[in-house]
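Engineer: Handing over input_30.csv, CSV, C-alpha atoms.
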chain,number,residue,atom,x,y,z
A,1185,MET,CA,43.5,41.3,51.6
A,1186,GLU,CA,44.1,43.0,54.9
A,1187,LEU,CA,47.6,42.9,56.3
A,1188,TRP,CA,49.3,44.2,59.4
A,1189,SER,CA,48.3,47.6,60.6
A,1190,GLY,CA,45.7,48.0,58.1
A,1191,VAL,CA,48.0,48.0,55.1
A,1192,ARG,CA,46.3,46.3,52.1
A,1193,ILE,CA,48.4,44.2,49.9
A,1194,PRO,CA,47.6,45.1,46.3
A,1195,ASP,CA,46.8,42.8,43.5
A,1196,PHE,CA,50.2,43.1,41.8
A,1197,VAL,CA,51.8,41.2,44.5
A,1198,ALA,CA,49.7,38.3,43.6
A,1199,ASP,CA,50.7,38.7,39.9
A,1200,ILE,CA,54.4,38.3,40.6
A,1201,ASN,CA,54.4,34.7,40.9
A,1202,TYR,CA,51.2,33.0,41.7
A,1203,LYS,CA,52.7,30.0,43.2
A,1204,LEU,CA,55.1,31.9,45.4
A,1205,CYS,CA,52.4,34.1,46.7
A,1206,PHE,CA,50.2,31.2,47.4
A,1207,VAL,CA,52.8,29.7,49.5
A,1208,PHE,CA,53.3,32.7,51.6
A,1209,LEU,CA,50.1,34.5,51.5
A,1210,ASN,CA,47.8,31.7,52.5
A,1211,VAL,CA,49.7,31.7,55.7
A,1212,SER,CA,48.6,35.3,56.3
A,1213,VAL,CA,45.3,35.6,54.5
A,1214,HIS,CA,43.4,35.6,57.8
A,1215,GLY,CA,45.1,38.2,60.0
A,1216,LEU,CA,43.8,36.2,62.8
A,1217,TYR,CA,46.2,33.4,62.1
A,1218,ILE,CA,49.4,35.4,61.9
A,1219,TYR,CA,49.9,35.7,65.6
A,1220,MET,CA,49.4,32.0,66.2
A,1221,TRP,CA,52.4,30.7,64.5
A,1222,LEU,CA,53.7,28.8,67.5
A,1223,SER,CA,51.0,27.1,65.9
A,1224,LEU,CA,53.0,24.7,63.8
A,1225,LEU,CA,53.8,22.8,67.0
A,1226,GLN,CA,50.4,23.6,68.4
A,1227,ALA,CA,48.5,22.4,65.3
A,1228,TRP,CA,50.6,19.3,65.3
A,1229,VAL,CA,49.6,18.5,68.9
A,1230,TYR,CA,46.0,19.2,68.1
A,1231,GLN,CA,46.1,16.9,65.1
A,1232,HIS,CA,47.8,14.0,66.8
A,1233,PHE,CA,46.4,14.1,70.3
A,1234,ARG,CA,42.6,14.3,70.3
A,1235,ASP,CA,41.9,15.6,73.8
A,1236,MET,CA,44.9,17.8,74.3
A,1237,GLY,CA,44.0,21.5,75.0
A,1238,ASN,CA,40.8,23.3,74.3
A,1239,LYS,CA,40.3,24.3,70.7
A,1240,ASP,CA,37.4,25.4,68.6
A,1241,VAL,CA,36.9,24.6,64.9
A,1242,TRP,CA,37.0,27.5,62.5
A,1243,GLU,CA,33.8,27.2,60.6
A,1244,GLY,CA,35.2,28.8,57.4
A,1245,TYR,CA,37.7,25.9,57.0
A,1246,ARG,CA,37.5,24.1,53.6
A,1247,GLU,CA,39.4,20.9,53.4
A,1248,ASN,CA,40.5,21.3,49.8
A,1249,ILE,CA,41.6,25.0,50.1
A,1250,HIS,CA,43.1,25.7,53.5
A,1251,PRO,CA,46.2,24.3,55.2
A,1252,ARG,CA,45.1,22.0,58.0
A,1253,ALA,CA,46.5,24.3,60.7
A,1254,MET,CA,43.7,26.7,60.0
A,1255,LEU,CA,41.1,24.3,61.2
A,1256,PHE,CA,41.8,25.2,64.8
A,1257,VAL,CA,41.1,28.2,66.8
A,1258,PRO,CA,43.0,27.7,70.1
A,1259,GLN,CA,41.3,28.3,73.4
A,1260,SER,CA,42.9,28.0,76.8
A,1261,GLY,CA,45.2,25.1,77.4
A,1262,LEU,CA,44.9,22.5,80.0
A,1263,GLY,CA,46.1,24.9,82.7
A,1264,THR,CA,48.9,23.8,85.0
A,1265,LEU,CA,51.9,21.6,84.2
A,1266,ASP,CA,50.5,18.9,86.5
A,1267,GLN,CA,47.4,18.7,84.4
A,1268,TYR,CA,49.5,18.1,81.3
A,1269,LYS,CA,51.5,15.4,83.2
A,1270,ASN,CA,48.3,13.7,84.3
A,1271,HIS,CA,46.9,13.9,80.8
A,1272,LEU,CA,50.1,12.4,79.3
A,1273,ASP,CA,50.2,9.6,82.0
A,1274,ALA,CA,46.6,8.7,81.2
A,1275,LEU,CA,47.2,8.7,77.4
A,1276,ASP,CA,46.9,5.5,75.6
A,1277,LEU,CA,46.7,4.6,71.9
A,1278,SER,CA,43.0,5.5,71.6
A,1279,GLY,CA,43.9,9.1,72.3
A,1280,VAL,CA,46.6,9.3,69.7
A,1281,VAL,CA,45.8,9.9,66.0
A,1282,MET,CA,48.5,8.2,64.1
A,1283,ALA,CA,47.5,9.3,60.6
A,1284,PRO,CA,45.4,12.4,60.8
A,1285,TYR,CA,45.6,13.7,57.2
A,1286,GLY,CA,43.5,11.0,55.4
A,1287,GLU,CA,41.1,13.2,53.5
A,1288,HIS,CA,43.5,16.1,53.4
A,1289,HIS,CA,45.9,14.2,51.2
A,1290,GLN,CA,43.5,14.5,48.3
A,1291,SER,CA,44.2,18.2,48.0
A,1292,CYS,CA,47.7,18.2,49.5
A,1293,LEU,CA,49.4,15.3,47.8
A,1294,PHE,CA,51.7,13.1,49.8
A,1295,GLU,CA,55.2,13.8,48.6
A,1296,ARG,CA,57.8,11.1,48.7
A,1297,VAL,CA,60.4,13.4,50.1
A,1298,SER,CA,58.6,13.0,53.4
A,1299,LEU,CA,60.1,9.6,53.6
A,1300,TYR,CA,63.6,10.8,53.2
A,1301,TYR,CA,65.7,10.2,56.2
A,1302,GLY,CA,69.0,11.7,57.3
A,1303,TRP,CA,69.9,15.3,57.9
A,1304,LEU,CA,68.1,18.5,57.4
A,1305,LYS,CA,69.9,21.7,57.0
A,1306,TYR,CA,68.8,25.1,58.2
A,1307,GLY,CA,71.2,28.0,58.1
A,1308,SER,CA,74.5,26.6,59.1
A,1309,ARG,CA,73.0,24.0,61.5
A,1310,MET,CA,72.0,20.4,60.8
A,1311,VAL,CA,69.4,18.3,62.6
A,1312,ARG,CA,68.5,14.6,62.2
A,1313,TYR,CA,65.2,13.7,60.4
A,1314,LEU,CA,64.1,10.2,61.3
A,1315,PRO,CA,60.7,9.4,59.8
A,1316,GLU,CA,61.3,5.7,60.0
A,1317,ARG,CA,60.4,6.0,63.7
A,1318,VAL,CA,56.9,7.1,63.0
A,1319,LEU,CA,56.0,4.9,60.1
A,1320,ARG,CA,52.4,4.5,61.3
A,1321,GLN,CA,51.8,8.1,60.3
A,1322,PHE,CA,52.4,7.1,56.7
A,1323,GLU,CA,49.8,4.3,57.0
A,1324,ARG,CA,52.4,1.7,56.1
A,1325,VAL,CA,52.2,-0.3,59.3
B,701,MET,CA,56.9,15.7,63.4
B,702,THR,CA,57.6,14.8,59.8
B,703,LEU,CA,57.8,16.8,56.6
B,704,ASP,CA,54.4,15.4,55.7
B,705,ASP,CA,53.0,17.1,58.9
B,706,VAL,CA,54.5,20.4,57.8
B,707,SER,CA,53.2,20.1,54.3
B,708,CYS,CA,49.6,19.2,55.4
B,709,LEU,CA,49.4,21.7,58.3
B,710,LEU,CA,50.9,24.7,56.5
B,711,HIS,CA,51.0,23.9,52.8
B,712,LEU,CA,54.7,25.0,52.6
B,713,PRO,CA,56.8,23.4,49.9
B,714,ILE,CA,58.9,20.6,51.3
B,715,GLU,CA,60.8,19.8,48.2
B,716,GLY,CA,63.6,21.9,46.8
B,717,MET,CA,66.8,23.6,47.9
B,718,LEU,CA,67.5,23.5,51.6
B,719,LEU,CA,67.9,26.9,53.3
B,720,SER,CA,71.6,27.2,53.8
B,721,HIS,CA,73.2,30.4,55.1
B,722,GLU,CA,76.0,31.4,57.4
B,723,PHE,CA,76.0,34.1,60.0
B,724,ILE,CA,76.2,37.5,58.3
B,725,THR,CA,78.1,40.5,59.5
B,726,GLN,CA,76.6,44.0,60.1
B,727,ASP,CA,78.3,45.2,56.9
B,728,ASP,CA,76.8,42.5,54.8
B,729,ALA,CA,73.4,43.2,56.3
B,730,VAL,CA,73.7,46.9,55.5
B,731,ASP,CA,74.8,46.1,51.9
B,732,SER,CA,71.9,43.8,51.5
B,733,MET,CA,69.3,46.3,52.9
B,734,VAL,CA,70.6,49.0,50.5
B,735,ARG,CA,70.6,46.7,47.5
B,736,HIS,CA,67.4,44.7,48.0
B,737,LEU,CA,65.1,46.9,50.0
B,738,GLY,CA,66.3,50.2,48.6
B,739,SER,CA,67.2,51.5,52.0
B,740,ASP,CA,69.1,54.7,52.4
B,741,LEU,CA,72.7,53.9,53.5
B,742,GLY,CA,72.4,56.1,56.6
B,743,ASP,CA,69.1,54.4,57.6
B,744,ALA,CA,70.5,51.0,57.2
B,745,LEU,CA,73.6,51.8,59.3
B,746,LEU,CA,71.3,53.3,62.0
B,747,GLU,CA,69.2,50.1,61.9
B,748,VAL,CA,72.1,47.7,62.6
B,749,THR,CA,73.5,50.0,65.3
B,750,HIS,CA,70.1,50.1,66.9
B,751,THR,CA,69.6,46.4,66.9
B,752,LYS,CA,73.3,45.6,67.7
B,753,GLY,CA,73.5,43.0,65.0
B,754,ALA,CA,72.5,42.1,61.5
B,755,HIS,CA,68.8,42.6,62.3
B,756,PHE,CA,65.9,44.7,61.1
B,757,GLN,CA,63.2,46.0,63.4
B,758,PHE,CA,59.6,45.2,62.5
B,759,SER,CA,58.6,48.8,63.0
B,760,SER,CA,61.1,49.9,60.4
B,761,LEU,CA,60.0,47.2,58.0
B,762,ARG,CA,56.4,48.3,58.3
B,763,MET,CA,57.5,51.9,57.6
B,764,ILE,CA,59.5,50.9,54.5
B,765,PHE,CA,56.7,48.8,53.2
B,766,LYS,CA,54.3,51.8,53.4
B,767,GLU,CA,56.8,54.1,51.8
B,768,ARG,CA,57.5,51.8,48.9
B,769,MET,CA,53.8,51.3,48.3
B,770,LEU,CA,53.1,55.0,48.2
B,771,GLU,CA,56.1,55.7,46.0
B,772,GLN,CA,55.2,53.1,43.5
B,773,LEU,CA,51.6,54.3,43.5
B,774,THR,CA,52.6,57.9,42.9
B,775,LEU,CA,55.0,57.0,40.1
B,776,GLU,CA,52.5,54.6,38.5
B,777,ASN,CA,49.8,57.3,38.4
B,778,GLU,CA,52.2,59.7,36.7
B,779,TYR,CA,54.2,57.5,34.3
B,780,GLY,CA,52.5,54.1,34.2
B,781,VAL,CA,54.3,50.8,35.0
B,782,THR,CA,57.9,51.6,34.4
B,783,GLN,CA,61.0,49.7,35.4
B,784,GLU,CA,61.3,51.8,38.5
B,785,VAL,CA,57.8,51.1,39.6
B,786,ARG,CA,58.6,47.4,39.2
B,787,SER,CA,61.7,47.6,41.2
B,788,LEU,CA,59.8,49.5,44.0
B,789,ARG,CA,57.2,46.8,44.0
B,790,ASP,CA,59.9,44.1,44.3
B,791,GLN,CA,61.3,46.0,47.2
B,792,ALA,CA,57.9,46.2,48.9
B,793,VAL,CA,57.4,42.4,48.4
B,794,ARG,CA,60.8,41.6,49.8
B,795,THR,CA,60.0,43.8,52.8
B,796,TYR,CA,56.7,42.0,53.3
B,797,PHE,CA,58.3,38.6,53.1
B,798,LEU,CA,61.1,39.5,55.5
B,799,TYR,CA,58.5,40.7,57.9
B,800,LEU,CA,56.4,37.6,57.4
B,801,VAL,CA,59.2,35.1,58.0
B,802,GLY,CA,60.3,37.1,61.0
B,803,ILE,CA,56.9,36.9,62.7
B,804,THR,CA,56.0,33.4,61.6
B,805,LEU,CA,58.4,30.9,60.2
B,806,PHE,CA,61.6,31.8,61.9
B,807,THR,CA,60.7,33.6,65.1
B,808,ASP,CA,63.4,33.8,67.6
B,809,LYS,CA,63.7,35.2,71.1
B,810,SER,CA,63.7,38.8,70.0
B,811,GLN,CA,60.2,40.0,69.7
B,812,THR,CA,61.1,43.2,67.8
B,813,ASP,CA,63.4,42.4,64.9
B,814,VAL,CA,64.3,39.8,62.3
B,815,ASP,CA,67.6,38.6,61.0
B,816,VAL,CA,68.5,40.2,57.7
B,817,VAL,CA,70.1,36.9,56.5
B,818,TYR,CA,66.8,35.7,55.1
B,819,LEU,CA,66.8,38.5,52.6
B,820,ARG,CA,69.2,36.4,50.5
B,821,TYR,CA,66.3,34.1,49.6
B,822,TYR,CA,64.3,37.0,48.2
B,823,LYS,CA,67.0,38.3,45.9
B,824,ASP,CA,65.3,36.7,43.0
B,825,LEU,CA,61.5,36.7,43.6
B,826,ASP,CA,60.9,34.1,40.9
B,827,ILE,CA,62.8,31.3,42.7
B,828,VAL,CA,61.5,31.8,46.2
B,829,VAL,CA,59.2,28.9,45.8
B,830,GLU,CA,62.1,26.6,44.9
B,831,PHE,CA,63.4,26.6,48.4
B,832,SER,CA,62.2,24.0,50.8
B,833,TRP,CA,60.7,26.3,53.4
B,834,GLY,CA,58.9,23.4,55.0
B,835,ALA,CA,62.2,21.6,55.7
B,836,GLY,CA,63.7,24.8,57.0
B,837,VAL,CA,60.8,25.4,59.4
B,838,LEU,CA,61.0,21.8,60.6
B,839,ALA,CA,64.8,21.9,61.2
B,840,HIS,CA,64.4,25.2,63.0
B,841,LEU,CA,61.7,23.8,65.2
B,842,TYR,CA,63.7,20.6,66.0
B,843,ARG,CA,66.6,22.8,66.9
B,844,GLU,CA,64.6,25.1,69.1
B,845,LEU,CA,63.0,22.1,70.9
B,846,GLU,CA,66.4,20.7,71.5
B,847,ASN,CA,67.5,24.1,73.0
B,848,VAL,CA,64.5,24.3,75.3
B,849,ALA,CA,65.3,20.8,76.6
B,850,ARG,CA,68.9,21.7,77.2
B,851,TRP,CA,68.0,25.0,78.8
B,852,ASN,CA,65.6,23.4,81.3
B,853,CYS,CA,68.3,20.9,82.1
B,854,GLY,CA,70.7,23.7,82.9
B,855,GLN,CA,68.2,25.4,85.0
B,856,VAL,CA,67.5,22.3,87.1
B,857,LEU,CA,71.2,21.7,87.5
B,858,GLY,CA,71.9,25.2,88.6
B,859,TYR,CA,69.0,25.1,91.0
B,860,LEU,CA,70.2,21.9,92.6
B,861,THR,CA,73.6,23.2,93.2
B,862,LEU,CA,72.2,26.2,94.9
B,863,LEU,CA,70.1,23.8,97.0
B,864,GLN,CA,73.2,21.8,98.1
B,865,ILE,CA,75.0,24.9,99.2
Translate the structure of the given file into structure tokens.

Structural biologist:
Amino acid sequence: MELWSGVRIPDFVADINYKLCFVFLNVSVHGLYIYMWLSLLQAWVYQHFRDMGNKDVWEGYRENIHPRAMLFVPQSGLGTLDQYKNHLDALDLSGVVMAPYGEHHQSCLFERVSLYYGWLKYGSRMVRYLPERVLRQFERV
Amino acid sequence: MTLDDVSCLLHLPIEGMLLSHEFITQDDAVDSMVRHLGSDLGDALLEVTHTKGAHFQFSSLRMIFKERMLEQLTLENEYGVTQEVRSLRDQAVRTYFLYLVGITLFTDKSQTDVDVVYLRYYKDLDIVVEFSWGAGVLAHLYRELENVARWNCGQVLGYLTLLQI
């Protein structure tokens, strides 16, 4: 497994705690994907808005192994801010994917905690988490 | 964006303890570097002086990772897997994880270093998976988006005032 600046991470790292490593390493398995972490947001946009931005599909992607974010290989965006505005103005329901993870939920099970609503803490800061506003994503509406 | 999005897009755990930490001082940071990464006290002090905060430079993390890997390899070849080798490996893993969260999960405006505060979640490598990294990332992202919106707002306001004058 190739890591930054050609350092290979040895097998013992994978021995420490399989699950722990799985969580972190699958993010970095493909060196290619490290740099594109802005990516969580980007991948989310790609998933929910069909025509937004130019992206390629990574042909090595396997639905039951990889996180969904790895499906995309970003190309150039739409270009100028005006183009984004026009795109958003023209957007209607047909361009929005409400529940994009249908098949993926077979390998990555839906967890009830997603339906929790209230506050999320990160460090010493709190933010509101309001999933009840996007119920369609949970295929309940 | 929901926790379900984070879970499906990144396969990070969304259940478990929330990441909860306060701002840490330079002294705490030095202490933590020495204890968990096996840094030399002098090096750790130099690091916080250089970054002017409780931060660690990516370049130093890379160096430490390589050093620990070499050390453990040399020791292993000589004496087999001893307690010391294990502790060196743990230090290498912690270094790696600190680097990884710095460039991926919790990126901030600085492109060159990472906050040492995250090291506290790697004290015990067995329980790392029990933290809700997904919720942390989501909260961080929400917060950053909020900041961006406010920042734009400030810019526009400033600009308009300038225009009026």

Engineer: Ranking A:Glu1287, A:Asp1235, A:Asp1273, A:Asp1240 by minimum distance to chain B and counting only C-alpha atoms, which one comes first?

Structural biologist: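 The closest residue to chain B is A:Glu1287.
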
Engineer: Select, from B:Leu737, B:Cys708, B:Ala744, B:Leu770, the residue with the minimum atom-to-atom distance to chain A, counting only C-alpha atoms.

Structural biologist: B:Cys708

Engineer: Can I get the residues of chain B within 7 Å of chain A, each with the closest pair of atoms and their distance in Å to one decimal, using only C-alpha atoms, sorted chain first then ascending number, as JSON lines?

Structural biologist:
{"residue": "B:Thr702", "atom": "CA", "partner": "A:Pro1315", "partner_atom": "CA", "distance": 6.2}
{"residue": "B:Leu703", "atom": "CA", "partner": "A:Ser1298", "partner_atom": "CA", "distance": 5.0}
{"residue": "B:Asp704", "atom": "CA", "partner": "A:Ser1298", "partner_atom": "CA", "distance": 5.4}
{"residue": "B:Cys708", "atom": "CA", "partner": "A:Arg1252", "partner_atom": "CA", "distance": 5.9}
{"residue": "B:Leu709", "atom": "CA", "partner": "A:Arg1252", "partner_atom": "CA", "distance": 4.3}
{"residue": "B:Leu710", "atom": "CA", "partner": "A:Pro1251", "partner_atom": "CA", "distance": 4.9}
{"residue": "B:His711", "atom": "CA", "partner": "A:Pro1251", "partner_atom": "CA", "distance": 5.4}
{"residue": "B:Leu712", "atom": "CA", "partner": "A:Val1207", "partner_atom": "CA", "distance": 5.9}
{"residue": "B:Glu715", "atom": "CA", "partner": "A:Val1297", "partner_atom": "CA", "distance": 6.7}
{"residue": "B:Leu718", "atom": "CA", "partner": "A:Lys1305", "partner_atom": "CA", "distance": 6.2}
{"residue": "B:Leu719", "atom": "CA", "partner": "A:Tyr1306", "partner_atom": "CA", "distance": 5.3}
{"residue": "B:Ser720", "atom": "CA", "partner": "A:Gly1307", "partner_atom": "CA", "distance": 4.4}
{"residue": "B:His721", "atom": "CA", "partner": "A:Gly1307", "partner_atom": "CA", "distance": 4.3}
{"residue": "B:Glu722", "atom": "CA", "partner": "A:Ser1308", "partner_atom": "CA", "distance": 5.3}
{"residue": "B:Val793", "atom": "CA", "partner": "A:Val1197", "partner_atom": "CA", "distance": 6.9}
{"residue": "B:Thr804", "atom": "CA", "partner": "A:Trp1221", "partner_atom": "CA", "distance": 5.4}
{"residue": "B:Asp826", "atom": "CA", "partner": "A:Asn1201", "partner_atom": "CA", "distance": 6.5}
{"residue": "B:Val828", "atom": "CA", "partner": "A:Leu1204", "partner_atom": "CA", "distance": 6.5}
{"residue": "B:Val829", "atom": "CA", "partner": "A:Leu1204", "partner_atom": "CA", "distance": 5.1}
{"residue": "B:Ala835", "atom": "CA", "partner": "A:Leu1304", "partner_atom": "CA", "distance": 6.9}
{"residue": "B:Gly836", "atom": "CA", "partner": "A:Tyr1306", "partner_atom": "CA", "distance": 5.2}
{"residue": "B:Ala839", "atom": "CA", "partner": "A:Tyr1306", "partner_atom": "CA", "distance": 5.9}
{"residue": "B:His840", "atom": "CA", "partner": "A:Tyr1306", "partner_atom": "CA", "distance": 6.5}
{"residue": "B:Arg843", "atom": "CA", "partner": "A:Val1311", "partner_atom": "CA", "distance": 6.8}

Engineer: Please list as a VMD selection string every residue within 12 Å of Asp743 in chain B, counting all atoms listed in the file and excluding residues in the same chain fewer than 2 positions away.

Structural biologist: chain B and resid 730 to 731 733 to 734 737 to 741 745 to 750 756 to 757 760 to 761 763 to 764

Engineer: Please indicate the distance in Å from CA of Met769 in chain B to CA of Leu805 in chain B, rounded to one decimal place.

Structural biologist: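 One can read the CA of Met769 in chain B to CA of Leu805 in chain B distance as 24.1 Å.
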
Engineer: I'd like the interatomic distance between CA of Glu1247 in chain A and CA of Ile714 in chain B, to a tenth of an Å.

Structural biologist: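 Distance reported for this atom pair: 19.6 Å.
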
Engineer: Using CA of Arg789 in chain B and CA of Arg768 in chain B as the two end points, give the distance in Å to one decimal.

Structural biologist: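 Between CA of Arg789 in chain B and CA of Arg768 in chain B the gap works out to 7.0 Å.
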
Engineer: Name the residues in contact with range 809-820 of chain B at a cut-off of 7 Å, using all atoms listed in the file, excluding same-chain residues fewer than 5 positions from it; report them as a list of chain:residue names.

Structural biologist: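 Here the qualifying residues turn out to be B:Ile724, B:Ala729, B:Ala754, B:His755, B:Phe756, B:Gln757, B:Phe758, B:Leu798, B:Gly802.
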
Engineer: Given only C-alpha atoms as the basis, pick out the residue of A:Gly1279, A:Leu1265, A:Gly1244, A:Phe1256 nearest to Tyr1230 in chain A.

Structural biologist: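 The closest residue to Tyr1230 in chain A is A:Phe1256.
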